[in-house]
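Q: I have a structure here, written as structure tokens, and I will follow up with some questions on it.
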Amino acid sequence: MRDPGVSCQLEFFAAADLEPSSPATKPGPASPGRLSFPVIHERINTGPDRGKTASKSKPQSTSDALREQTLTTRAVMLLVGLGLEAIAPRVTVRWNRRMRTAAGRAYYEAFRIELNPGLLTLPGVDGNAEVDRTLRHELAHLIAHHRAGGRRIEPHGDEWRRACADLGIPGEARCHTLPFQSRRLTKKLIYGCPACGSEIHRVRRFRVAVACYDCCRRENGGRYDDRFRLKLRRAPQA
């Protein structure tokens, strides 16, 4: 349960180790390296602190910048080919070297696509073809969101599948099975509820106020209540 604030939805394309939470919808033909698994949704801060982490990243190389321009141009041409000239100038494509198991992400508000540069170095995988397919997968999210006109839609629902077909990837699966090497991080931080004593183990600190969901639901109708704000405790010694 988070403190209400300004935020936007971040769509993660792919997590190979997910377990389906519900029966999959009618699947299309399988595509290389992809399975129809649920998608991860995460909330990201869009307040004054947004962008501080990105500023710590390594300087971008000239080759990366040129490749981003090429990919952005490709996305623009795909949009123009679908008669979406009005939104084509808004789209941008960027590499994100912090991605681990995700192949790409689509940011609706910024109309931006981020791709994992590891797509180009996976063993036994045609990197250029996988970059192109991932670009179209993520672009389909932006197109579906635009066509919905602000109406709430399922991330991989009919609107997204229709956009995939328009972009030349009919039957596209929701998630990939590409051989990215996952990273196991130790959850050294422990947050506890001052009321019920429940604990949450974390790798990183919460950047926004977070309260115990069970207590908020029981005592405040499921709305954020600062009485139950999680407090940081020391991690146990190894």
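Following the order of the structure tokens, chains are lettered A, B, ..., residues in each are numbered from 1, and ligands are numbered from 1.
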Counting only C-alpha atoms, which residues of segment 172-234 of chain A fall within 12 Å of segment 131-146 of chain A, and what is the closest atom pair for each with its distance in Å at one decimal, ordered by chain and rising number, as CSV?

A:
```
residue,atom,partner,partner_atom,distance
A:Glu172,CA,A:His137,CA,7.6
A:Ala173,CA,A:His137,CA,9.0
A:Arg174,CA,A:His137,CA,8.6
A:Cys175,CA,A:His137,CA,9.9
A:His176,CA,A:Thr134,CA,9.5
A:Leu178,CA,A:Thr134,CA,11.3
```

Q: Restricting the output to C-alpha atoms, write the selected residues as a tab-separated table (two decimals), in the first residue's frame.

A:
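Result file follows (selection_29.tsv):
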```tsv
chain	number	residue	atom	x	y	z
A	172	GLU	CA	3.32	-12.50	-30.71
A	173	ALA	CA	3.68	-13.97	-27.22
A	174	ARG	CA	3.59	-11.79	-24.14
A	175	CYS	CA	6.94	-12.83	-22.68
A	176	HIS	CA	10.22	-14.19	-23.92
A	178	LEU	CA	15.65	-15.66	-24.26
```

Q: Skip Pro117 of chain A itself and residues of its chain fewer than 5 positions away, then list as JSON, numbers by chain all residues within 8 Å of it, counting only C-alpha atoms.

A: {"A": [95, 96, 97]}

Q: I'd like the interatomic distance between atom CA of Ala88 of chain A and atom CA of Thr72 of chain A, to a tenth of an Å.

A: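 Atom CA of Thr72 of chain A lies at a distance of 9.7 Å from atom CA of Ala88 of chain A.
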
Q: Mind checking which residues fall within 12 Å of Arg233 of chain A, counting only C-alpha atoms, ignoring those fewer than 6 positions away in the same chain, and posting them as a list in words?

A: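 My list of contacting residues is Lys188, Leu189, Ile190, Tyr191, Gly192, Cys193, Pro194, Gly197, Ser198, Glu199, Ile200, His201, Arg202 and Arg205 of chain A.
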
Q: What does the distance between atom CA of Glu85 of chain A and atom CA of Gly127 of chain A come to in Å, to one decimal place?

A: 28.6 Å

Q: Apply DSSP to the structure's backbone, then extract all residues of segment 58-156 of chain A labelled strand (DSSP E or B) and return them as a ChimeraX atom specification.

A: /A:92-95,104-107,112-115

Q: What lies within 12 Å of Thr73 of chain A using only C-alpha atoms, ignoring chain neighbours under 3 positions off, as an MDAnalysis selection string?

A: chainID A and resid 66:70 76:80 88:94 135

Q: Residues of the last selection are to be written out with C-alpha atoms, as a PDB file, in the first residue's frame.

A:
```
ATOM      1  CA  LEU A  66      23.897   6.137 -33.697  1.00  0.00           C
ATOM      2  CA  ARG A  67      22.092   2.824 -33.163  1.00  0.00           C
ATOM      3  CA  GLU A  68      19.424   4.585 -31.111  1.00  0.00           C
ATOM      4  CA  GLN A  69      18.872   7.065 -33.926  1.00  0.00           C
ATOM      5  CA  THR A  70      18.511   4.203 -36.384  1.00  0.00           C
ATOM      6  CA  VAL A  76       8.872   6.376 -36.793  1.00  0.00           C
ATOM      7  CA  MET A  77       8.625   4.720 -40.208  1.00  0.00           C
ATOM      8  CA  LEU A  78       6.535   1.878 -38.774  1.00  0.00           C
ATOM      9  CA  LEU A  79       4.111   4.386 -37.291  1.00  0.00           C
ATOM     10  CA  VAL A  80       3.927   6.361 -40.518  1.00  0.00           C
ATOM     11  CA  ALA A  88       5.303   9.363 -35.020  1.00  0.00           C
ATOM     12  CA  PRO A  89       7.510  12.365 -34.035  1.00  0.00           C
ATOM     13  CA  ARG A  90       6.952  11.603 -30.337  1.00  0.00           C
ATOM     14  CA  VAL A  91       8.524   8.154 -30.243  1.00  0.00           C
ATOM     15  CA  THR A  92      12.108   7.614 -29.081  1.00  0.00           C
ATOM     16  CA  VAL A  93      14.133   4.416 -28.660  1.00  0.00           C
ATOM     17  CA  ARG A  94      16.935   4.035 -26.129  1.00  0.00           C
ATOM     18  CA  LEU A 135      11.038  -3.076 -30.900  1.00  0.00           C
TER      19      LEU A 135
END
```

Q: Using backbone DSSP assignments, extract all helix (DSSP H, G or I) residues from segment 123-223 of chain A; output them as a PyMOL selection string.

A: chain A and resi 127-148+158-166+213-220

Q: How many Å lie between atom CA of Asn116 of chain A and atom CA of Glu159 of chain A, rounded to one decimal?

A: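 Separation between atom CA of Asn116 of chain A and atom CA of Glu159 of chain A: 24.5 Å.
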
Q: Pick out the closest residue to Asp225 of chain A from this set: A:Arg100, A:Cys164, A:Ala211, A:Ser63. Count only C-alpha atoms.

A: A:Ala211
